[in-house]
$ cat start_28.txt   # compact mmCIF, C-alpha atoms
# COMPACT_ATOMS: atom_id res chain seq x y z
CA MET C 1 26.03 -30.84 2.98
CA ASN C 2 25.89 -31.46 6.73
CA ILE C 3 29.48 -30.24 7.01
CA LEU C 4 28.50 -26.98 5.30
CA PHE C 5 25.59 -26.48 7.69
CA GLY C 6 27.84 -27.30 10.64
CA PHE C 7 30.37 -24.73 9.47
CA ILE C 8 27.67 -22.07 9.04
CA PHE C 9 26.27 -22.73 12.52
CA LEU C 10 29.79 -22.61 13.96
CA CYS C 11 30.36 -19.20 12.34
CA VAL C 12 27.06 -17.90 13.71
CA PHE C 13 27.99 -19.24 17.15
CA LEU C 14 31.40 -17.57 17.12
CA TYR C 15 29.91 -14.27 15.98
CA THR C 16 27.25 -14.26 18.71
CA VAL C 17 29.76 -15.30 21.38
CA GLY C 18 31.93 -12.36 20.30
CA PHE C 19 28.94 -10.05 20.62
CA SER C 20 28.18 -11.55 24.03
CA TRP C 21 31.79 -10.90 25.07
CA THR C 22 31.45 -7.27 23.98
CA LEU C 23 28.27 -6.89 26.02
CA TRP C 24 30.02 -8.42 29.05
CA LYS C 25 32.88 -5.92 28.78
CA GLU C 26 30.35 -3.07 28.62
CA LYS C 27 28.91 -4.28 31.97
CA ASN C 28 25.67 -5.54 30.42
CA LYS C 29 25.91 -8.96 32.04
CA LEU C 30 22.26 -9.94 31.71
CA GLY C 31 22.27 -9.17 28.00
CA ALA C 32 25.54 -11.04 27.56
CA PHE C 33 24.13 -14.11 29.29
CA ALA C 34 20.97 -14.01 27.17
CA VAL C 35 22.93 -13.71 23.91
CA PHE C 36 25.22 -16.56 24.96
CA VAL C 37 22.26 -18.83 25.77
CA LEU C 38 20.71 -17.92 22.42
CA SER C 39 23.91 -18.81 20.60
CA ALA C 40 24.15 -22.13 22.46
CA VAL C 41 20.59 -22.95 21.37
CA ILE C 42 21.42 -21.95 17.78
CA VAL C 43 24.26 -24.46 17.76
CA THR C 44 22.62 -27.37 19.58
CA LEU C 45 19.17 -27.48 17.98
CA PRO C 46 20.32 -28.30 14.42
CA PHE C 47 22.48 -31.14 15.67
CA ILE C 48 19.59 -32.54 17.70
CA THR C 49 17.32 -32.46 14.64
CA ILE C 50 19.99 -33.96 12.35
CA PHE C 51 20.77 -36.90 14.65
CA GLU C 52 17.19 -37.80 15.58
$ encode --input "start_28.txt" --output "C-alpha cells"
Amino acid sequence: MNILFGFIFLCVFLYTVGFSWTLWKEKNKLGAFAVFVLSAVIVTLPFITIFE
C-alpha cells in the first residue's frame, strides 16, 4: 500500500513540476518557484509522516 501511495505522490510531483516548467517558460518565474516548492512539500510530507 505504501508503494501505491508513493507512486501517486510521484505522479502528482511530476505533474506539478511540468506545470512549474510551463510557468517558467512563460516568464512567470515567481509562480513557477511557488508551484515547485508546493510540489516538493507534497512529496516530502507523506514520507516524513510514514517514517516517523
$ atom_distance --input "start_28.txt" --atom1 "CA of Val35 (chain C)" --atom2 "CA of Thr16 (chain C)"
6.8 Å
$ closest_residue --input "start_28.txt" --among "C:Phe19, C:Phe7, C:Phe51, C:Trp24" --to "Leu38 (chain C)" --atoms "all atoms listed in the file"
C:Phe19
$ atom_distance --input "start_28.txt" --atom1 "CA of Val41 (chain C)" --atom2 "CA of Lys27 (chain C)"
23.0 Å
$ residues_around --input "start_28.txt" --residues "Leu23 (chain C)" --least-positions-apart "5" --cutoff "12 Å" --atoms "only C-alpha atoms" --output "count of residues only"
12
$ atom_distance --input "start_28.txt" --atom1 "CA of Val43 (chain C)" --atom2 "CA of Cys11 (chain C)"
9.7 Å
$ axis_aligned_box --input "start_28.txt" --around "region 21-25 of chain C" --padding-each-side "5 Å" --output "AutoDock Vina command-line options"
--center_x 30.6 --center_y -8.4 --center_z 26.5 --size_x 14.6 --size_y 15.0 --size_z 15.1
$ closest_residue --input "start_28.txt" --among "C:Leu45, C:Met1, C:Ala40, C:Ile50" --to "Phe13 (chain C)" --atoms "all atoms listed in the file"
C:Ala40
